[in-house]
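**Student:** Okay, handing you the structure first.
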Amino acid sequence: MSSFTKSWPEIEALIHAAFKNVRLGDGIGYHEAGAMDDYNPPDSPIYLAARARDERNDWTHLLHELDGTEPDPSRHCFMDVQGLLYFLPVLLLRQDWIVNSILHFCISEFYQREGYNRGTYFDLLNALTTEQKNCLYYFYLHQFETRHPDFWEEDLNAEFATGEFTMKGFDYREFLTLHFAP
């Protein structure tokens, strides 16, 4: 491990501290996003039940609820910024590959051509506090140095496995340093 990274227990503590006050509030949570993904209209009983199932004040409940299961990899696409912010620490603590998909969308939207509607993932980058950005920075440095390449999405796998941290000429480490480094 390089001197730039932290140990996993240190990163876990950073995540808990940085996200401790994050609430879902009226945001779109994990279960509501699932109902949306299944094409349920917002006034349907299934949709309303799914929305009611989302814990709104303590994201650690979702962490425990998903323990031992594989989260649905498409639900984050239906979440709003508050839902993503609430779901993010769960994914980080689980060291789940879905967090790479979210980062990929953030980066893609961040570097879209001028005039393009950057959307929810770009807004997520802007919503993160400095402490939360630092968590992402240390999380990814830790993953780059310690995780098996299977952790990474298929389209990113080869680049991360070689240690180059690039995709189609994009330097992920530079992006992390620019936008998340302490």
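Ligands are numbered from 1 in the order shown, residues from 1 within each chain, and chains are lettered A, B, ... in the order they appear in the structure tokens.
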Excluding His64 (chain A) and any residue of its chain fewer than 4 positions from it, enumerate the residues within 12 Å of it, using only C-alpha atoms, and give them as a list in words.

**Tutor:** Glu55, Asp58, Trp59, Thr60, Gly68, Thr69, Pro71, Val90, Leu91, Leu93 and Arg94 of chain A

**Student:** Please write the residues from the selection above to a file, keeping N, CA and C atoms, as an mmCIF file, in the first residue's frame.

**Tutor:**
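Ended up saving to result15.cif:
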data_model
loop_
_atom_site.group_PDB
_atom_site.id
_atom_site.type_symbol
_atom_site.label_atom_id
_atom_site.label_comp_id
_atom_site.auth_asym_id
_atom_site.auth_seq_id
_atom_site.Cartn_x
_atom_site.Cartn_y
_atom_site.Cartn_z
ATOM 1 N N GLU A 55 -36.198 3.287 4.040
ATOM 2 C CA GLU A 55 -35.798 3.968 5.271
ATOM 3 C C GLU A 55 -35.278 5.348 4.867
ATOM 4 N N ASP A 58 -31.727 6.805 8.100
ATOM 5 C CA ASP A 58 -30.484 6.127 8.476
ATOM 6 C C ASP A 58 -30.082 5.135 7.389
ATOM 7 N N TRP A 59 -29.128 5.542 6.561
ATOM 8 C CA TRP A 59 -28.697 4.706 5.435
ATOM 9 C C TRP A 59 -28.073 3.392 5.890
ATOM 10 N N THR A 60 -27.632 3.290 7.144
ATOM 11 C CA THR A 60 -27.045 2.025 7.600
ATOM 12 C C THR A 60 -28.090 0.915 7.635
ATOM 13 N N GLY A 68 -25.579 -9.711 2.440
ATOM 14 C CA GLY A 68 -25.727 -11.067 1.926
ATOM 15 C C GLY A 68 -26.477 -11.163 0.608
ATOM 16 N N THR A 69 -26.863 -10.015 0.059
ATOM 17 C CA THR A 69 -27.564 -10.013 -1.224
ATOM 18 C C THR A 69 -26.788 -9.163 -2.229
ATOM 19 N N PRO A 71 -27.107 -6.123 -4.684
ATOM 20 C CA PRO A 71 -28.025 -5.028 -5.025
ATOM 21 C C PRO A 71 -28.329 -5.018 -6.519
ATOM 22 N N VAL A 90 -23.456 3.089 1.287
ATOM 23 C CA VAL A 90 -23.764 1.660 1.329
ATOM 24 C C VAL A 90 -22.874 0.920 0.331
ATOM 25 N N LEU A 91 -22.806 1.448 -0.882
ATOM 26 C CA LEU A 91 -21.978 0.822 -1.914
ATOM 27 C C LEU A 91 -20.500 0.877 -1.556
ATOM 28 N N LEU A 93 -19.095 1.006 1.468
ATOM 29 C CA LEU A 93 -18.789 0.085 2.571
ATOM 30 C C LEU A 93 -18.873 -1.370 2.138
ATOM 31 N N ARG A 94 -19.727 -1.661 1.177
ATOM 32 C CA ARG A 94 -19.825 -3.024 0.643
ATOM 33 C C ARG A 94 -18.715 -3.312 -0.372
#

**Student:** Mind running region 31-83 of chain A against region 127-150 of chain A at 12 Å and telling me each contacting residue's nearest atom pair with the distance in Å (one decimal), counting only C-alpha atoms, chain and number ascending, as a tab-separated table?

**Tutor:**
residue	atom	partner	partner_atom	distance
A:Asp80	CA	A:Ala127	CA	11.4
A:Val81	CA	A:Ala127	CA	7.7
A:Gln82	CA	A:Ala127	CA	8.6
A:Gly83	CA	A:Ala127	CA	11.6

**Student:** Output C-alpha atoms for every residue in the selection just made, as a PDB file, in the first residue's frame.

**Tutor:**
ATOM      1  CA  ASP A  80     -32.327  11.470  -7.803  1.00  0.00           C
ATOM      2  CA  VAL A  81     -29.297  13.198  -6.292  1.00  0.00           C
ATOM      3  CA  GLN A  82     -30.496  12.677  -2.718  1.00  0.00           C
ATOM      4  CA  GLY A  83     -31.129   8.990  -3.383  1.00  0.00           C
TER       5      GLY A  83
END

**Student:** Grab the CA of Leu84 (chain A) to CA of Glu10 (chain A) distance for me, in Å with one decimal place.

**Tutor:**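 The value is 22.8 Å.
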
**Student:** Go through A:Asn126, A:Ser44, A:Ser74, A:Thr5 and flag the residue nearest Pro182 (chain A), using only C-alpha atoms for the distances.

**Tutor:**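 Ranking A:Asn126, A:Ser44, A:Ser74, A:Thr5 by distance to Pro182 (chain A), first place goes to A:Thr5.
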
**Student:** Measuring between only C-alpha atoms, which one of A:Asn21, A:Thr120, A:Ser7, A:Thr177 shows the shortest distance to Met79 (chain A)?

**Tutor:**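 Once distances to Met79 (chain A) are computed over only C-alpha atoms, the minimum belongs to A:Thr120.
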
**Student:** Go through A:Leu125, A:Ile102, A:Leu48, A:Leu85 and flag the residue nearest Leu24 (chain A), using only C-alpha atoms for the distances.

**Tutor:**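 Looking at the shortest contact to Leu24 (chain A), the residue is A:Leu85.
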
**Student:** Do a neighbour search on region 34-38 of chain A at 12 Å with only C-alpha atoms, toss out local chain neighbours closer than 5 positions, and write the hits as a PDB file with N, CA and C atoms, in the first residue's frame.

**Tutor:**
ATOM      1  N   ILE A  28     -35.525   9.833  -3.928  1.00  0.00           N
ATOM      2  CA  ILE A  28     -35.915   8.522  -4.471  1.00  0.00           C
ATOM      3  C   ILE A  28     -34.935   7.483  -3.956  1.00  0.00           C
ATOM      4  N   GLY A  29     -35.438   6.582  -3.118  1.00  0.00           N
ATOM      5  CA  GLY A  29     -34.605   5.570  -2.493  1.00  0.00           C
ATOM      6  C   GLY A  29     -34.508   4.286  -3.305  1.00  0.00           C
ATOM      7  N   ASP A  43     -48.616   6.454  -8.727  1.00  0.00           N
ATOM      8  CA  ASP A  43     -49.814   6.337  -7.894  1.00  0.00           C
ATOM      9  C   ASP A  43     -50.261   4.885  -7.695  1.00  0.00           C
ATOM     10  N   SER A  44     -49.484   3.931  -8.219  1.00  0.00           N
ATOM     11  CA  SER A  44     -49.873   2.526  -8.081  1.00  0.00           C
ATOM     12  C   SER A  44     -49.560   2.020  -6.669  1.00  0.00           C
ATOM     13  N   PRO A  45     -50.326   1.049  -6.186  1.00  0.00           N
ATOM     14  CA  PRO A  45     -50.073   0.494  -4.852  1.00  0.00           C
ATOM     15  C   PRO A  45     -48.662  -0.104  -4.718  1.00  0.00           C
ATOM     16  N   ILE A  46     -48.156  -0.707  -5.770  1.00  0.00           N
ATOM     17  CA  ILE A  46     -46.809  -1.299  -5.720  1.00  0.00           C
ATOM     18  C   ILE A  46     -45.767  -0.206  -5.540  1.00  0.00           C
ATOM     19  N   TYR A  47     -45.898   0.870  -6.308  1.00  0.00           N
ATOM     20  CA  TYR A  47     -44.967   1.995  -6.209  1.00  0.00           C
ATOM     21  C   TYR A  47     -45.015   2.613  -4.813  1.00  0.00           C
ATOM     22  N   LEU A  48     -46.212   2.879  -4.333  1.00  0.00           N
ATOM     23  CA  LEU A  48     -46.378   3.510  -3.020  1.00  0.00           C
ATOM     24  C   LEU A  48     -45.824   2.624  -1.899  1.00  0.00           C
ATOM     25  N   ALA A  49     -46.026   1.313  -2.014  1.00  0.00           N
ATOM     26  CA  ALA A  49     -45.490   0.387  -1.013  1.00  0.00           C
ATOM     27  C   ALA A  49     -43.960   0.376  -1.053  1.00  0.00           C
ATOM     28  N   ALA A  50     -43.400   0.417  -2.241  1.00  0.00           N
ATOM     29  CA  ALA A  50     -41.939   0.440  -2.374  1.00  0.00           C
ATOM     30  C   ALA A  50     -41.374   1.721  -1.776  1.00  0.00           C
ATOM     31  N   ARG A  51     -42.002   2.840  -2.062  1.00  0.00           N
ATOM     32  CA  ARG A  51     -41.553   4.123  -1.499  1.00  0.00           C
ATOM     33  C   ARG A  51     -41.639   4.098   0.024  1.00  0.00           C
ATOM     34  N   ALA A  52     -42.705   3.537   0.549  1.00  0.00           N
ATOM     35  CA  ALA A  52     -42.876   3.459   2.009  1.00  0.00           C
ATOM     36  C   ALA A  52     -41.831   2.540   2.648  1.00  0.00           C
ATOM     37  N   ARG A  53     -41.347   1.580   1.884  1.00  0.00           N
ATOM     38  CA  ARG A  53     -40.354   0.625   2.405  1.00  0.00           C
ATOM     39  C   ARG A  53     -38.967   1.263   2.587  1.00  0.00           C
ATOM     40  N   ASP A  54     -38.701   2.349   1.856  1.00  0.00           N
ATOM     41  CA  ASP A  54     -37.393   2.999   1.955  1.00  0.00           C
ATOM     42  C   ASP A  54     -37.226   3.687   3.310  1.00  0.00           C
ATOM     43  N   PRO A  71     -27.107  -6.123  -4.684  1.00  0.00           N
ATOM     44  CA  PRO A  71     -28.025  -5.028  -5.025  1.00  0.00           C
ATOM     45  C   PRO A  71     -28.329  -5.018  -6.519  1.00  0.00           C
ATOM     46  N   ASP A  72     -29.502  -4.544  -6.851  1.00  0.00           N
ATOM     47  CA  ASP A  72     -29.898  -4.419  -8.246  1.00  0.00           C
ATOM     48  C   ASP A  72     -29.000  -3.370  -8.900  1.00  0.00           C
ATOM     49  N   PRO A  73     -28.277  -3.748  -9.947  1.00  0.00           N
ATOM     50  CA  PRO A  73     -27.299  -2.826 -10.528  1.00  0.00           C
ATOM     51  C   PRO A  73     -27.890  -1.680 -11.335  1.00  0.00           C
ATOM     52  N   SER A  74     -29.197  -1.684 -11.595  1.00  0.00           N
ATOM     53  CA  SER A  74     -29.765  -0.602 -12.406  1.00  0.00           C
ATOM     54  C   SER A  74     -30.530   0.434 -11.582  1.00  0.00           C
ATOM     55  N   ARG A  75     -30.771   0.170 -10.331  1.00  0.00           N
ATOM     56  CA  ARG A  75     -31.628   1.074  -9.565  1.00  0.00           C
ATOM     57  C   ARG A  75     -31.061   2.476  -9.422  1.00  0.00           C
ATOM     58  N   HIS A  76     -29.746   2.595  -9.336  1.00  0.00           N
ATOM     59  CA  HIS A  76     -29.176   3.931  -9.175  1.00  0.00           C
ATOM     60  C   HIS A  76     -29.534   4.841 -10.349  1.00  0.00           C
ATOM     61  N   CYS A  77     -29.827   4.260 -11.501  1.00  0.00           N
ATOM     62  CA  CYS A  77     -30.190   5.053 -12.678  1.00  0.00           C
ATOM     63  C   CYS A  77     -31.528   5.767 -12.489  1.00  0.00           C
ATOM     64  N   PHE A  78     -32.333   5.332 -11.544  1.00  0.00           N
ATOM     65  CA  PHE A  78     -33.648   5.923 -11.312  1.00  0.00           C
ATOM     66  C   PHE A  78     -33.671   6.829 -10.081  1.00  0.00           C
ATOM     67  N   MET A  79     -32.568   6.909  -9.385  1.00  0.00           N
ATOM     68  CA  MET A  79     -32.502   7.733  -8.176  1.00  0.00           C
ATOM     69  C   MET A  79     -32.225   9.184  -8.534  1.00  0.00           C
ATOM     70  N   ASP A  80     -32.694  10.069  -7.678  1.00  0.00           N
ATOM     71  CA  ASP A  80     -32.327  11.470  -7.803  1.00  0.00           C
ATOM     72  C   ASP A  80     -31.031  11.684  -7.026  1.00  0.00           C
TER      73      ASP A  80
END
